[in-house]
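*Asks:* Structure in structure tokens, see below.
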Amino acid sequence: ADTLVDAFAGHASPIDASPVRSDSLFQVFEAVSPLLATVALQLATSPAAPLNLDAPLRAAWPAFGAKPGSTQPPPLYNHQPTPLSLSELSLARLLSHTSGLQGALPPSASPEDLGCDSAMAAHVAHAAGSPLPLAGTSSSPPAPATSPALLPAVYEGAPFGWALGGALRAASGGTSLPALLSSRLTSPLGIGDELLLSLPGGNHPRAVSHSVADLPDEADLELLALFSGREPEGEEQAGHQAGELAGEQAGEQAGQRAGELAGNQAGNLARNQPRDPPADPPRDQPGNQATNPPGPAGGGGPADAPPAASPSTSRARSTARLLSPAGLNMRRMRAACLPGASAHASAHALATFYSALAAGKLLPRPVLARAARRTSAGLLSSEEATWGLGFQIGSLQVGEWKHVVLGHAATGGSLAFCVPELGLAVAVTVSRLTAERAATRRILALVLRETVGAGACLSGMLGAEDVRS
């Protein structure tokens, strides 16, 4: 593969002047989910596959969705169960984010509890077999998709990663999701030190801290952590100093360089593969306005029907705040393994993954074609999104041709994707998280202009607004 662009700028944090490098590690939140999905698709489509895309997860993972009484919940969690039994949930439904597990958060847990993938998988497995509403969620179903061909979707956040990790562990004879990710993807691609689900000890010499000051409802939480030295929702570490919260930033000066990212960083890399013959342009299908939690945590109900406050919902919100963008800046949360909600990667690593995916090196073409089929639609970080199997699906219009785009956006502006028909892979990582993602749009417009030419139009990857080169 030819590297066409590899640009980076900025500093590790407002209090750390270390320069950003090509291999700097950014928090990429939901953008790691396609890599997890690729591992699942490899296992589900290999000879003598231990998983089946369309069979219930419980066929490989008997504990998932077991009836109450047949299995015991983890002793740490006094959770409330889900609205409907999910014992028949298939891997395909989980990968298309139509599982209904978005509320399957333990009402109260420490960062160490949340980072124990086996305990969290057991929690989700038990919750999936319970008949009552989850704490912190509404029992109302998601809004129907505007297109009858698409299922209503909600990005489940951390519960998605816990459920997928539990299924893959059961199907692989006990191998953890981080180990599967390493052995099947990151090590063979040579990016094992540039894509990590957690940071040992919560820190890393190449880790970049992110700022949430420009995200709605996050700035106050960040300032509280910065100036009080306390973790969100009264966590027990009351004596922490501000420097012990990895990457707390407050009051950055807007207008600094690096794409107007204040004290922040943007990395992007595009790669080009030999072109396959162009296929017929896919037909667009509209999205819908379904439910979605703010940020990568999961746990949100329908946007127009927030749950009434109660002691149980207050406890659930405590967990959700630990999993919020501000909470994930804490050193203890950066040390936790939270697949689906948190990962640390360089733009180089993400682009390398998508370059290999576009070249057909990771999945057989028929499997990739099914993964690229539009299956569900909903909201991702309050923006419209459409999914296939584990991938957010968009399109790139170049002249008269419209090409399928596979990738995933992340809360605040990071984005990575590929265009298999063109052999093109692009990744942008940012540390100043914003709802508008203006810097990401400008970088993408420039990269697309240099790679596919002026007048190209990227749709469906950053909400309803297109990106034009």
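As shown in the structure tokens, the chain order sets the letters A, B, ...; within each chain, residues go from 1, and ligands are also counted from 1 in the order they appear.
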Neighbours of Gly202 (chain A) within 7 Å (only C-alpha atoms; same-chain residues fewer than 3 positions away dropped), as a PyMOL selection string?

*Replies:* chain A and resi 199+331-335

*Asks:* What would the file look like if the residues just selected were written as a compact mmCIF listing (two decimals), in the first residue's frame with all heavy atoms?

*Replies:*
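Output file out-v4.txt is given in full below:
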# COMPACT_ATOMS: atom_id res chain seq x y z
N LEU A 199 -4.75 1.11 28.49
CA LEU A 199 -3.39 1.55 28.71
C LEU A 199 -2.90 1.01 30.04
O LEU A 199 -3.52 1.28 31.08
CB LEU A 199 -3.31 3.08 28.71
CG LEU A 199 -3.76 3.79 27.44
CD1 LEU A 199 -3.62 5.30 27.61
CD2 LEU A 199 -2.95 3.32 26.23
N ARG A 331 -7.34 8.35 34.70
CA ARG A 331 -6.29 7.33 34.56
C ARG A 331 -6.84 5.94 34.83
O ARG A 331 -6.51 4.98 34.15
CB ARG A 331 -5.13 7.66 35.49
CG ARG A 331 -3.92 6.79 35.28
CD ARG A 331 -2.71 7.34 35.98
NE ARG A 331 -2.23 8.57 35.37
CZ ARG A 331 -1.13 9.20 35.73
NH1 ARG A 331 -0.39 8.72 36.71
NH2 ARG A 331 -0.77 10.32 35.15
N ARG A 332 -7.69 5.80 35.85
CA ARG A 332 -8.24 4.49 36.19
C ARG A 332 -9.14 3.97 35.07
O ARG A 332 -9.23 2.75 34.85
CB ARG A 332 -9.01 4.57 37.50
CG ARG A 332 -8.12 4.83 38.70
CD ARG A 332 -8.95 5.18 39.92
NE ARG A 332 -9.73 4.05 40.38
CZ ARG A 332 -10.82 4.18 41.12
NH1 ARG A 332 -11.27 5.38 41.44
NH2 ARG A 332 -11.48 3.12 41.53
N MET A 333 -9.82 4.86 34.36
CA MET A 333 -10.67 4.42 33.26
C MET A 333 -9.85 4.11 32.01
O MET A 333 -10.21 3.25 31.22
CB MET A 333 -11.74 5.47 32.95
CG MET A 333 -12.76 5.66 34.06
SD MET A 333 -13.67 4.14 34.44
CE MET A 333 -14.67 3.97 32.96
N ARG A 334 -8.76 4.82 31.83
CA ARG A 334 -7.88 4.52 30.69
C ARG A 334 -7.20 3.16 30.87
O ARG A 334 -6.81 2.51 29.90
CB ARG A 334 -6.83 5.63 30.53
CG ARG A 334 -7.39 6.90 29.93
CD ARG A 334 -6.62 8.14 30.34
NE ARG A 334 -5.22 8.14 30.02
CZ ARG A 334 -4.63 8.97 29.15
NH1 ARG A 334 -5.37 9.85 28.48
NH2 ARG A 334 -3.35 8.94 28.94
N ALA A 335 -7.06 2.72 32.13
CA ALA A 335 -6.48 1.41 32.41
C ALA A 335 -7.49 0.28 32.26
O ALA A 335 -7.11 -0.89 32.22
CB ALA A 335 -5.91 1.38 33.83

*Asks:* Within 6 Å of region 90-100 of chain A, which residues of region 315-404 of chain A come that close, and what is the closest atom pair and distance in Å for each? Count only C-alpha atoms and give it as JSON lines.

*Replies:*
{"residue": "A:Trp387", "atom": "CA", "partner": "A:Ser96", "partner_atom": "CA", "distance": 5.9}
{"residue": "A:Gly388", "atom": "CA", "partner": "A:Ser96", "partner_atom": "CA", "distance": 5.7}
{"residue": "A:Leu389", "atom": "CA", "partner": "A:Leu95", "partner_atom": "CA", "distance": 4.9}
{"residue": "A:Gly390", "atom": "CA", "partner": "A:Leu95", "partner_atom": "CA", "distance": 4.6}

*Asks:* Please write the residues from the selection above to a file, keeping N, CA and C atoms, as a short mmCIF file (atom, residue, chain, number, x, y, z; two decimals), in the first residue's frame.

*Replies:*
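Written output follows (selection_14.cif):
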data_model
loop_
_atom_site.label_atom_id
_atom_site.label_comp_id
_atom_site.auth_asym_id
_atom_site.auth_seq_id
_atom_site.Cartn_x
_atom_site.Cartn_y
_atom_site.Cartn_z
N TRP A 387 -25.90 1.33 9.70
CA TRP A 387 -24.92 0.27 9.96
C TRP A 387 -25.18 -0.95 9.08
N GLY A 388 -24.11 -1.66 8.79
CA GLY A 388 -24.17 -3.02 8.28
C GLY A 388 -23.86 -3.95 9.43
N LEU A 389 -22.95 -4.90 9.23
CA LEU A 389 -22.53 -5.79 10.31
C LEU A 389 -21.24 -5.27 10.92
N GLY A 390 -21.39 -4.44 11.93
CA GLY A 390 -20.24 -3.90 12.65
C GLY A 390 -19.65 -2.65 12.08
#

*Asks:* Choose the residue, out of A:Ile191, A:Ala445, A:Ala104, A:Ala122, that has the smallest atom-to-atom separation from Ala63 (chain A); count only C-alpha atoms.

*Replies:*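 Of all the options, A:Ala122 lies closest to Ala63 (chain A).
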
*Asks:* Residues at most 9 Å from Arg442 (chain A), counting only C-alpha atoms, excluding those fewer than 5 positions away in the same chain, as a PDB file with N, CA and C atoms, in the first residue's frame?

*Replies:*
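After the write, result-v7.pdb holds the following:
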ATOM      1  N   GLY A 259      -5.319  23.020  13.041  1.00  0.00           N
ATOM      2  CA  GLY A 259      -6.717  22.953  12.607  1.00  0.00           C
ATOM      3  C   GLY A 259      -7.663  23.540  13.608  1.00  0.00           C
ATOM      4  N   ARG A 437     -17.314  19.090  14.853  1.00  0.00           N
ATOM      5  CA  ARG A 437     -16.248  18.350  14.167  1.00  0.00           C
ATOM      6  C   ARG A 437     -15.751  19.085  12.919  1.00  0.00           C
ATOM      7  N   VAL A 447      -8.019  15.829   2.181  1.00  0.00           N
ATOM      8  CA  VAL A 447      -7.523  14.508   1.814  1.00  0.00           C
ATOM      9  C   VAL A 447      -8.267  13.976   0.594  1.00  0.00           C
ATOM     10  N   VAL A 467     -19.554  15.920   3.397  1.00  0.00           N
ATOM     11  CA  VAL A 467     -18.212  16.499   3.317  1.00  0.00           C
ATOM     12  C   VAL A 467     -17.844  16.543   1.833  1.00  0.00           C
ATOM     13  N   SER A 469     -15.122  17.713  -1.246  1.00  0.00           N
ATOM     14  CA  SER A 469     -13.721  18.069  -1.510  1.00  0.00           C
ATOM     15  C   SER A 469     -13.635  19.273  -2.424  1.00  0.00           C
TER      16      SER A 469
END

*Asks:* Just want the 12 Å neighbourhood of Thr429 (chain A), counted on only C-alpha atoms, with same-chain residues fewer than 5 positions away dropped. Output as an NGL selection string.

*Replies:* :A and (6-10 or 20-29 or 31 or 208-210 or 258-259 or 261 or 264-269 or 344-351 or 408-417 or 437 or 439-441 or 443-444)

*Asks:* Find the residues around region 458-465 of chain A up to 6 Å (only C-alpha atoms counted), leave out those fewer than 2 positions away in its own chain, and share them as JSON, numbers by chain.

*Replies:* {"A": [383, 384, 394, 395, 396, 467]}

*Asks:* Go ahead and write the residues just picked, N, CA and C atoms, as a PDB file, in the first residue's frame.

*Replies:*
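This is the output file out_11.pdb:
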ATOM      1  N   GLU A 383     -26.097  11.976  15.969  1.00  0.00           N
ATOM      2  CA  GLU A 383     -26.099  12.158  14.520  1.00  0.00           C
ATOM      3  C   GLU A 383     -26.666  10.906  13.854  1.00  0.00           C
ATOM      4  N   GLU A 384     -27.318  11.105  12.711  1.00  0.00           N
ATOM      5  CA  GLU A 384     -27.869   9.975  11.979  1.00  0.00           C
ATOM      6  C   GLU A 384     -26.747   9.058  11.501  1.00  0.00           C
ATOM      7  N   GLY A 394     -21.547   4.438   4.695  1.00  0.00           N
ATOM      8  CA  GLY A 394     -21.762   5.715   4.025  1.00  0.00           C
ATOM      9  C   GLY A 394     -21.542   5.545   2.536  1.00  0.00           C
ATOM     10  N   SER A 395     -21.350   6.662   1.858  1.00  0.00           N
ATOM     11  CA  SER A 395     -21.093   6.611   0.416  1.00  0.00           C
ATOM     12  C   SER A 395     -20.151   7.738   0.024  1.00  0.00           C
ATOM     13  N   LEU A 396     -19.419   7.503  -1.040  1.00  0.00           N
ATOM     14  CA  LEU A 396     -18.527   8.515  -1.607  1.00  0.00           C
ATOM     15  C   LEU A 396     -18.890   8.684  -3.077  1.00  0.00           C
ATOM     16  N   VAL A 467     -19.554  15.920   3.397  1.00  0.00           N
ATOM     17  CA  VAL A 467     -18.212  16.499   3.317  1.00  0.00           C
ATOM     18  C   VAL A 467     -17.844  16.543   1.833  1.00  0.00           C
TER      19      VAL A 467
END
